[in-house]
file data_24.cif (mmCIF, C-alpha atoms; chains and numbers go by the auth columns)
data_my_file
loop_
_atom_site.group_PDB
_atom_site.id
_atom_site.type_symbol
_atom_site.label_atom_id
_atom_site.label_comp_id
_atom_site.label_asym_id
_atom_site.label_seq_id
_atom_site.Cartn_x
_atom_site.Cartn_y
_atom_site.Cartn_z
_atom_site.B_iso_or_equiv
_atom_site.auth_seq_id
_atom_site.auth_asym_id
ATOM 1 C CA GLN A 1 29.079 -49.780 -39.973 0.00 576 A
ATOM 2 C CA LEU A 2 27.606 -51.023 -36.720 0.00 577 A
ATOM 3 C CA GLN A 3 28.349 -48.570 -33.957 0.00 578 A
ATOM 4 C CA LEU A 4 27.126 -46.397 -31.133 0.00 579 A
ATOM 5 C CA VAL A 5 27.982 -42.737 -31.395 0.00 580 A
ATOM 6 C CA GLU A 6 27.950 -40.623 -28.260 0.00 581 A
ATOM 7 C CA SER A 7 27.656 -36.887 -28.023 0.00 582 A
ATOM 8 C CA GLY A 8 26.796 -34.165 -25.549 0.00 583 A
ATOM 9 C CA GLY A 9 29.759 -34.128 -23.228 0.00 584 A
ATOM 10 C CA GLY A 10 31.620 -30.997 -22.276 0.00 585 A
ATOM 11 C CA LEU A 11 32.581 -28.631 -19.505 0.00 586 A
ATOM 12 C CA VAL A 12 29.909 -27.592 -17.043 0.00 587 A
ATOM 13 C CA GLN A 13 29.904 -25.795 -13.717 0.00 588 A
ATOM 14 C CA PRO A 14 28.921 -27.583 -10.514 0.00 589 A
ATOM 15 C CA GLY A 15 25.159 -27.717 -10.231 0.00 590 A
ATOM 16 C CA GLY A 16 24.751 -27.608 -13.989 0.00 591 A
ATOM 17 C CA SER A 17 23.217 -30.076 -16.408 0.00 592 A
ATOM 18 C CA LEU A 18 24.192 -31.998 -19.520 0.00 593 A
ATOM 19 C CA ARG A 19 22.381 -34.464 -21.718 0.00 594 A
ATOM 20 C CA LEU A 20 24.364 -37.237 -23.335 0.00 595 A
ATOM 21 C CA SER A 21 23.100 -38.923 -26.467 0.00 596 A
ATOM 22 C CA CYS A 22 23.893 -42.432 -27.671 0.00 597 A
ATOM 23 C CA ALA A 23 22.849 -42.985 -31.274 0.00 598 A
ATOM 24 C CA ALA A 24 22.926 -46.370 -32.955 0.00 599 A
ATOM 25 C CA SER A 25 24.128 -46.725 -36.515 0.00 600 A
ATOM 26 C CA GLY A 26 23.680 -49.843 -38.611 0.00 601 A
ATOM 27 C CA PHE A 27 21.400 -51.612 -36.163 0.00 602 A
ATOM 28 C CA THR A 28 18.281 -50.865 -34.172 0.00 603 A
ATOM 29 C CA LEU A 29 18.209 -50.204 -30.451 0.00 604 A
ATOM 30 C CA ASP A 30 14.763 -51.625 -29.869 0.00 605 A
ATOM 31 C CA SER A 31 16.254 -55.073 -29.279 0.00 606 A
ATOM 32 C CA TYR A 32 18.830 -53.897 -26.788 0.00 607 A
ATOM 33 C CA ALA A 33 18.988 -52.663 -23.258 0.00 608 A
ATOM 34 C CA ILE A 34 21.297 -49.699 -22.782 0.00 609 A
ATOM 35 C CA ALA A 35 23.825 -49.397 -20.013 0.00 610 A
ATOM 36 C CA TRP A 36 25.705 -46.232 -19.155 0.00 611 A
ATOM 37 C CA PHE A 37 29.129 -46.352 -17.555 0.00 612 A
ATOM 38 C CA ARG A 38 31.805 -43.863 -16.638 0.00 613 A
ATOM 39 C CA GLN A 39 35.487 -44.041 -15.891 0.00 614 A
ATOM 40 C CA ALA A 40 37.497 -41.381 -14.132 0.00 615 A
ATOM 41 C CA PRO A 41 41.298 -41.259 -14.326 0.00 616 A
ATOM 42 C CA GLY A 42 42.836 -43.829 -12.034 0.00 617 A
ATOM 43 C CA LYS A 43 39.489 -45.355 -11.131 0.00 618 A
ATOM 44 C CA GLU A 44 37.629 -48.453 -12.199 0.00 619 A
ATOM 45 C CA ARG A 45 34.742 -48.292 -14.595 0.00 620 A
ATOM 46 C CA GLU A 46 31.493 -47.572 -12.783 0.00 621 A
ATOM 47 C CA GLY A 47 28.080 -48.718 -13.934 0.00 622 A
ATOM 48 C CA LEU A 48 25.579 -45.872 -13.728 0.00 623 A
ATOM 49 C CA SER A 49 22.284 -46.975 -15.160 0.00 624 A
ATOM 50 C CA CYS A 50 20.417 -49.614 -17.079 0.00 625 A
ATOM 51 C CA ILE A 51 17.319 -49.240 -19.217 0.00 626 A
ATOM 52 C CA SER A 52 15.374 -52.090 -20.751 0.00 627 A
ATOM 53 C CA SER A 53 14.917 -52.515 -24.498 0.00 628 A
ATOM 54 C CA SER A 54 11.412 -51.042 -24.352 0.00 629 A
ATOM 55 C CA GLY A 55 12.528 -48.221 -22.083 0.00 630 A
ATOM 56 C CA GLY A 56 9.937 -49.214 -19.538 0.00 631 A
ATOM 57 C CA SER A 57 12.323 -50.289 -16.771 0.00 632 A
ATOM 58 C CA THR A 58 15.259 -48.360 -15.384 0.00 633 A
ATOM 59 C CA ASN A 59 17.806 -48.721 -12.641 0.00 634 A
ATOM 60 C CA TYR A 60 20.495 -46.407 -11.272 0.00 635 A
ATOM 61 C CA ALA A 61 23.621 -46.564 -9.182 0.00 636 A
ATOM 62 C CA ASP A 62 23.279 -44.899 -5.805 0.00 637 A
ATOM 63 C CA SER A 63 25.889 -42.324 -6.810 0.00 638 A
ATOM 64 C CA VAL A 64 23.595 -40.849 -9.475 0.00 639 A
ATOM 65 C CA LYS A 65 20.118 -41.793 -8.297 0.00 640 A
ATOM 66 C CA GLY A 66 17.852 -38.774 -8.203 0.00 641 A
ATOM 67 C CA ARG A 67 20.208 -36.699 -10.356 0.00 642 A
ATOM 68 C CA PHE A 68 20.524 -38.694 -13.588 0.00 643 A
ATOM 69 C CA THR A 69 17.703 -39.920 -15.792 0.00 644 A
ATOM 70 C CA VAL A 70 18.093 -42.455 -18.563 0.00 645 A
ATOM 71 C CA SER A 71 15.667 -42.659 -21.468 0.00 646 A
ATOM 72 C CA LYS A 72 15.383 -44.356 -24.821 0.00 647 A
ATOM 73 C CA ASP A 73 13.673 -43.280 -28.013 0.00 648 A
ATOM 74 C CA ASN A 74 13.522 -46.339 -30.222 0.00 649 A
ATOM 75 C CA ALA A 75 11.908 -44.342 -33.018 0.00 650 A
ATOM 76 C CA LYS A 76 15.022 -42.140 -33.123 0.00 651 A
ATOM 77 C CA ASN A 77 17.315 -45.105 -32.429 0.00 652 A
ATOM 78 C CA THR A 78 18.884 -43.095 -29.628 0.00 653 A
ATOM 79 C CA ALA A 79 19.293 -43.345 -25.876 0.00 654 A
ATOM 80 C CA TYR A 80 19.888 -40.436 -23.550 0.00 655 A
ATOM 81 C CA LEU A 81 21.390 -39.740 -20.164 0.00 656 A
ATOM 82 C CA GLN A 82 20.124 -36.532 -18.602 0.00 657 A
ATOM 83 C CA MET A 83 22.513 -35.408 -15.894 0.00 658 A
ATOM 84 C CA ASN A 84 21.423 -32.742 -13.418 0.00 659 A
ATOM 85 C CA SER A 85 22.984 -31.281 -10.285 0.00 660 A
ATOM 86 C CA LEU A 86 26.409 -32.237 -11.534 0.00 661 A
ATOM 87 C CA LYS A 87 29.284 -32.429 -9.081 0.00 662 A
ATOM 88 C CA PRO A 88 33.051 -32.294 -9.612 0.00 663 A
ATOM 89 C CA GLU A 89 33.195 -35.997 -8.768 0.00 664 A
ATOM 90 C CA ASP A 90 31.050 -36.703 -11.821 0.00 665 A
ATOM 91 C CA THR A 91 34.025 -35.779 -14.005 0.00 666 A
ATOM 92 C CA ALA A 92 34.820 -38.808 -16.162 0.00 667 A
ATOM 93 C CA VAL A 93 34.578 -40.301 -19.623 0.00 668 A
ATOM 94 C CA TYR A 94 31.040 -41.556 -20.116 0.00 669 A
ATOM 95 C CA TYR A 95 30.190 -44.589 -22.230 0.00 670 A
ATOM 96 C CA CYS A 96 27.001 -46.178 -23.434 0.00 671 A
ATOM 97 C CA ALA A 97 26.644 -49.825 -24.338 0.00 672 A
ATOM 98 C CA ALA A 98 24.010 -51.844 -26.148 0.00 673 A
ATOM 99 C CA THR A 99 23.530 -54.978 -24.134 0.00 674 A
ATOM 100 C CA THR A 100 21.005 -57.328 -22.576 0.00 675 A
ATOM 101 C CA ILE A 101 19.345 -57.563 -19.186 0.00 676 A
ATOM 102 C CA ALA A 102 21.342 -59.984 -17.045 0.00 677 A
ATOM 103 C CA ARG A 103 18.606 -60.229 -14.411 0.00 678 A
ATOM 104 C CA TYR A 104 15.760 -58.433 -12.722 0.00 679 A
ATOM 105 C CA LYS A 105 15.888 -58.024 -8.962 0.00 680 A
ATOM 106 C CA GLY A 106 13.155 -56.343 -7.033 0.00 681 A
ATOM 107 C CA GLY A 107 11.634 -55.331 -10.335 0.00 682 A
ATOM 108 C CA LEU A 108 14.772 -53.427 -11.330 0.00 683 A
ATOM 109 C CA PRO A 109 16.839 -54.309 -14.416 0.00 684 A
ATOM 110 C CA TYR A 110 20.545 -55.095 -14.160 0.00 685 A
ATOM 111 C CA CYS A 111 22.381 -54.830 -17.457 0.00 686 A
ATOM 112 C CA SER A 112 24.979 -57.345 -18.529 0.00 687 A
ATOM 113 C CA ASN A 113 28.573 -56.080 -18.685 0.00 688 A
ATOM 114 C CA SER A 114 29.047 -58.130 -21.841 0.00 689 A
ATOM 115 C CA ALA A 115 27.839 -55.578 -24.335 0.00 690 A
ATOM 116 C CA SER A 116 27.357 -56.100 -28.037 0.00 691 A
ATOM 117 C CA TYR A 117 28.297 -52.530 -28.897 0.00 692 A
ATOM 118 C CA TRP A 118 30.120 -49.750 -27.095 0.00 693 A
ATOM 119 C CA GLY A 119 30.153 -46.042 -27.695 0.00 694 A
ATOM 120 C CA GLN A 120 33.447 -44.241 -28.148 0.00 695 A
ATOM 121 C CA GLY A 121 33.074 -42.305 -24.921 0.00 696 A
ATOM 122 C CA THR A 122 32.470 -38.634 -24.260 0.00 697 A
ATOM 123 C CA GLN A 123 34.300 -36.483 -21.722 0.00 698 A
ATOM 124 C CA VAL A 124 32.300 -34.768 -19.005 0.00 699 A
ATOM 125 C CA THR A 125 34.157 -32.242 -16.879 0.00 700 A
ATOM 126 C CA VAL A 126 32.474 -30.551 -13.939 0.00 701 A
ATOM 127 C CA SER A 127 34.502 -27.614 -12.746 0.00 702 A
ATOM 128 C CA SER A 128 34.153 -23.974 -11.820 0.00 703 A
#
call {"tool": "encode", "arguments": {"input": "data_24.cif", "output": "structure tokens"}}
result
Amino acid sequence: QLQLVESGGGLVQPGGSLRLSCAASGFTLDSYAIAWFRQAPGKEREGLSCISSSGGSTNYADSVKGRFTVSKDNAKNTAYLQMNSLKPEDTAVYYCAATTIARYKGGLPYCSNSASYWGQGTQVTVSS
């Protein structure tokens, strides 16, 4: 079965950290860029980050820049989103997607929203 399986979400206090994992099953991630998104209740889906297929190029939304780090281990067929200094407004369901690079601008990758595979989503709640 071809799928992305996410894990690592949970409840964390403000200022805390979580690492989300996005593991591919049935296909290899080395041909795909990975995009991370989130969606909070009542809000539109927000693109957070994009990492190239090799893992050598990354890009972040301003809302998470400096706090979140995306990485990709093609040998383990898994991508990661390390989230530090979490805030209550980071509370959302987080999704990963295997996709392509739509364009580079200023040397930064921008992932296509038309993904080949989507993870099932994992809930992140930041609350004291």
call {"tool": "resolve_selection", "arguments": {"input": "data_24.cif", "expression": "the PyMOL selection byres ((chain A and resi 603) around 10)", "output": "PyMOL selection string"}}
result
chain A and resi 577+598-602+604-607+649-653+673
call {"tool": "closest_residue", "arguments": {"input": "data_24.cif", "among": "A:Tyr679, A:Tyr670, A:Tyr635, A:Tyr685", "to": "Ala654 of chain A", "atoms": "only C-alpha atoms"}}
result
A:Tyr670
call {"tool": "closest_residue", "arguments": {"input": "data_24.cif", "among": "A:Leu579, A:Val645, A:Ala677, A:Arg613", "to": "Gly630 of chain A", "atoms": "all atoms listed in the file"}}
result
A:Val645
call {"tool": "residues_near_point", "arguments": {"input": "data_24.cif", "point": "(30.4, -34.4, -13.7)", "cutoff": "9 Å", "atoms": "only C-alpha atoms", "output": "list of chain:residue names"}}
result
A:Leu586, A:Val587, A:Gln588, A:Pro589, A:Gly591, A:Ser592, A:Leu593, A:Met658, A:Ser660, A:Leu661, A:Lys662, A:Pro663, A:Glu664, A:Asp665, A:Thr666, A:Ala667, A:Val699, A:Thr700, A:Val701, A:Ser702
call {"tool": "axis_aligned_box", "arguments": {"input": "data_24.cif", "around": "segment 577-583 of chain A", "padding_each_side": "5 Å", "output": "AutoDock Vina command-line options"}}
result
--center_x 27.6 --center_y -42.6 --center_z -31.1 --size_x 11.6 --size_y 26.9 --size_z 21.2
call {"tool": "atom_distance", "arguments": {"input": "data_24.cif", "atom1": "atom CA of Asn634 of chain A", "atom2": "atom CA of Val580 of chain A"}}
result
22.2 Å
call {"tool": "build_atoms", "arguments": {"input": "data_24.cif", "residues": "segment 602-613 of chain A", "atoms": "all heavy atoms", "output": "mmCIF file, in the coordinates of the input"}}
result
data_model
loop_
_atom_site.group_PDB
_atom_site.id
_atom_site.type_symbol
_atom_site.label_atom_id
_atom_site.label_comp_id
_atom_site.auth_asym_id
_atom_site.auth_seq_id
_atom_site.Cartn_x
_atom_site.Cartn_y
_atom_site.Cartn_z
ATOM 1 N N PHE A 602 22.253 -50.644 -36.845
ATOM 2 C CA PHE A 602 21.400 -51.612 -36.163
ATOM 3 C C PHE A 602 20.353 -50.833 -35.365
ATOM 4 O O PHE A 602 20.460 -49.615 -35.203
ATOM 5 C CB PHE A 602 22.217 -52.529 -35.236
ATOM 6 C CG PHE A 602 22.837 -51.844 -34.048
ATOM 7 C CD1 PHE A 602 22.260 -51.929 -32.794
ATOM 8 C CD2 PHE A 602 24.001 -51.101 -34.176
ATOM 9 C CE1 PHE A 602 22.825 -51.306 -31.696
ATOM 10 C CE2 PHE A 602 24.581 -50.464 -33.086
ATOM 11 C CZ PHE A 602 23.990 -50.569 -31.847
ATOM 12 N N THR A 603 19.357 -51.538 -34.881
ATOM 13 C CA THR A 603 18.281 -50.865 -34.172
ATOM 14 C C THR A 603 18.380 -51.135 -32.676
ATOM 15 O O THR A 603 18.705 -52.244 -32.247
ATOM 16 C CB THR A 603 16.904 -51.318 -34.674
ATOM 17 O OG1 THR A 603 16.805 -52.741 -34.545
ATOM 18 C CG2 THR A 603 16.709 -50.935 -36.132
ATOM 19 N N LEU A 604 18.094 -50.100 -31.902
ATOM 20 C CA LEU A 604 18.209 -50.204 -30.451
ATOM 21 C C LEU A 604 17.021 -50.891 -29.802
ATOM 22 O O LEU A 604 17.096 -51.205 -28.617
ATOM 23 C CB LEU A 604 18.360 -48.812 -29.839
ATOM 24 C CG LEU A 604 19.730 -48.153 -29.915
ATOM 25 C CD1 LEU A 604 19.723 -46.838 -29.148
ATOM 26 C CD2 LEU A 604 20.823 -49.073 -29.402
ATOM 27 N N ASP A 605 15.966 -51.109 -30.530
ATOM 28 C CA ASP A 605 14.763 -51.625 -29.869
ATOM 29 C C ASP A 605 14.930 -53.047 -29.348
ATOM 30 O O ASP A 605 14.122 -53.508 -28.551
ATOM 31 C CB ASP A 605 13.539 -51.516 -30.783
ATOM 32 C CG ASP A 605 13.715 -52.217 -32.105
ATOM 33 O OD1 ASP A 605 14.779 -52.840 -32.326
ATOM 34 O OD2 ASP A 605 12.791 -52.137 -32.931
ATOM 35 N N SER A 606 15.993 -53.719 -29.776
ATOM 36 C CA SER A 606 16.254 -55.073 -29.279
ATOM 37 C C SER A 606 17.252 -55.101 -28.134
ATOM 38 O O SER A 606 17.558 -56.180 -27.604
ATOM 39 C CB SER A 606 16.793 -55.950 -30.414
ATOM 40 O OG SER A 606 15.862 -56.054 -31.463
ATOM 41 N N TYR A 607 17.746 -53.945 -27.761
ATOM 42 C CA TYR A 607 18.830 -53.897 -26.788
ATOM 43 C C TYR A 607 18.463 -53.059 -25.571
ATOM 44 O O TYR A 607 17.830 -52.010 -25.678
ATOM 45 C CB TYR A 607 20.090 -53.295 -27.415
ATOM 46 C CG TYR A 607 20.701 -54.147 -28.495
ATOM 47 C CD1 TYR A 607 20.335 -53.977 -29.820
ATOM 48 C CD2 TYR A 607 21.639 -55.121 -28.173
ATOM 49 C CE1 TYR A 607 20.892 -54.770 -30.809
ATOM 50 C CE2 TYR A 607 22.204 -55.916 -29.166
ATOM 51 C CZ TYR A 607 21.822 -55.726 -30.477
ATOM 52 O OH TYR A 607 22.390 -56.513 -31.449
ATOM 53 N N ALA A 608 18.926 -53.520 -24.426
ATOM 54 C CA ALA A 608 18.988 -52.663 -23.258
ATOM 55 C C ALA A 608 20.199 -51.748 -23.417
ATOM 56 O O ALA A 608 21.124 -52.041 -24.173
ATOM 57 C CB ALA A 608 19.123 -53.504 -21.993
ATOM 58 N N ILE A 609 20.183 -50.635 -22.738
ATOM 59 C CA ILE A 609 21.297 -49.699 -22.782
ATOM 60 C C ILE A 609 21.846 -49.498 -21.377
ATOM 61 O O ILE A 609 21.101 -49.211 -20.431
ATOM 62 C CB ILE A 609 20.882 -48.338 -23.360
ATOM 63 C CG1 ILE A 609 20.457 -48.484 -24.821
ATOM 64 C CG2 ILE A 609 22.017 -47.322 -23.228
ATOM 65 C CD1 ILE A 609 21.591 -48.867 -25.766
ATOM 66 N N ALA A 610 23.132 -49.669 -21.264
ATOM 67 C CA ALA A 610 23.825 -49.397 -20.013
ATOM 68 C C ALA A 610 24.716 -48.178 -20.184
ATOM 69 O O ALA A 610 25.295 -47.974 -21.256
ATOM 70 C CB ALA A 610 24.670 -50.605 -19.609
ATOM 71 N N TRP A 611 24.789 -47.378 -19.174
ATOM 72 C CA TRP A 611 25.705 -46.232 -19.155
ATOM 73 C C TRP A 611 26.776 -46.495 -18.072
ATOM 74 O O TRP A 611 26.446 -46.928 -16.968
ATOM 75 C CB TRP A 611 24.961 -44.942 -18.841
ATOM 76 C CG TRP A 611 24.144 -44.422 -19.972
ATOM 77 C CD1 TRP A 611 22.830 -44.687 -20.232
ATOM 78 C CD2 TRP A 611 24.578 -43.537 -21.015
ATOM 79 N NE1 TRP A 611 22.419 -44.033 -21.358
ATOM 80 C CE2 TRP A 611 23.473 -43.310 -21.866
ATOM 81 C CE3 TRP A 611 25.784 -42.899 -21.312
ATOM 82 C CZ2 TRP A 611 23.533 -42.489 -22.984
ATOM 83 C CZ3 TRP A 611 25.847 -42.085 -22.430
ATOM 84 C CH2 TRP A 611 24.737 -41.882 -23.254
ATOM 85 N N PHE A 612 28.002 -46.186 -18.444
ATOM 86 C CA PHE A 612 29.129 -46.352 -17.555
ATOM 87 C C PHE A 612 29.939 -45.054 -17.555
ATOM 88 O O PHE A 612 29.776 -44.207 -18.433
ATOM 89 C CB PHE A 612 30.054 -47.480 -18.035
ATOM 90 C CG PHE A 612 29.421 -48.834 -18.107
ATOM 91 C CD1 PHE A 612 28.727 -49.230 -19.246
ATOM 92 C CD2 PHE A 612 29.532 -49.714 -17.056
ATOM 93 C CE1 PHE A 612 28.148 -50.485 -19.328
ATOM 94 C CE2 PHE A 612 28.957 -50.980 -17.117
ATOM 95 C CZ PHE A 612 28.261 -51.354 -18.264
ATOM 96 N N ARG A 613 30.822 -44.941 -16.599
ATOM 97 C CA ARG A 613 31.805 -43.863 -16.638
ATOM 98 C C ARG A 613 33.111 -44.367 -16.051
ATOM 99 O O ARG A 613 33.126 -45.326 -15.277
ATOM 100 C CB ARG A 613 31.325 -42.625 -15.889
ATOM 101 C CG ARG A 613 31.219 -42.783 -14.378
ATOM 102 C CD ARG A 613 30.619 -41.536 -13.751
ATOM 103 N NE ARG A 613 30.450 -41.663 -12.299
ATOM 104 C CZ ARG A 613 29.780 -40.803 -11.555
ATOM 105 N NH1 ARG A 613 29.216 -39.724 -12.108
ATOM 106 N NH2 ARG A 613 29.667 -41.005 -10.260
#
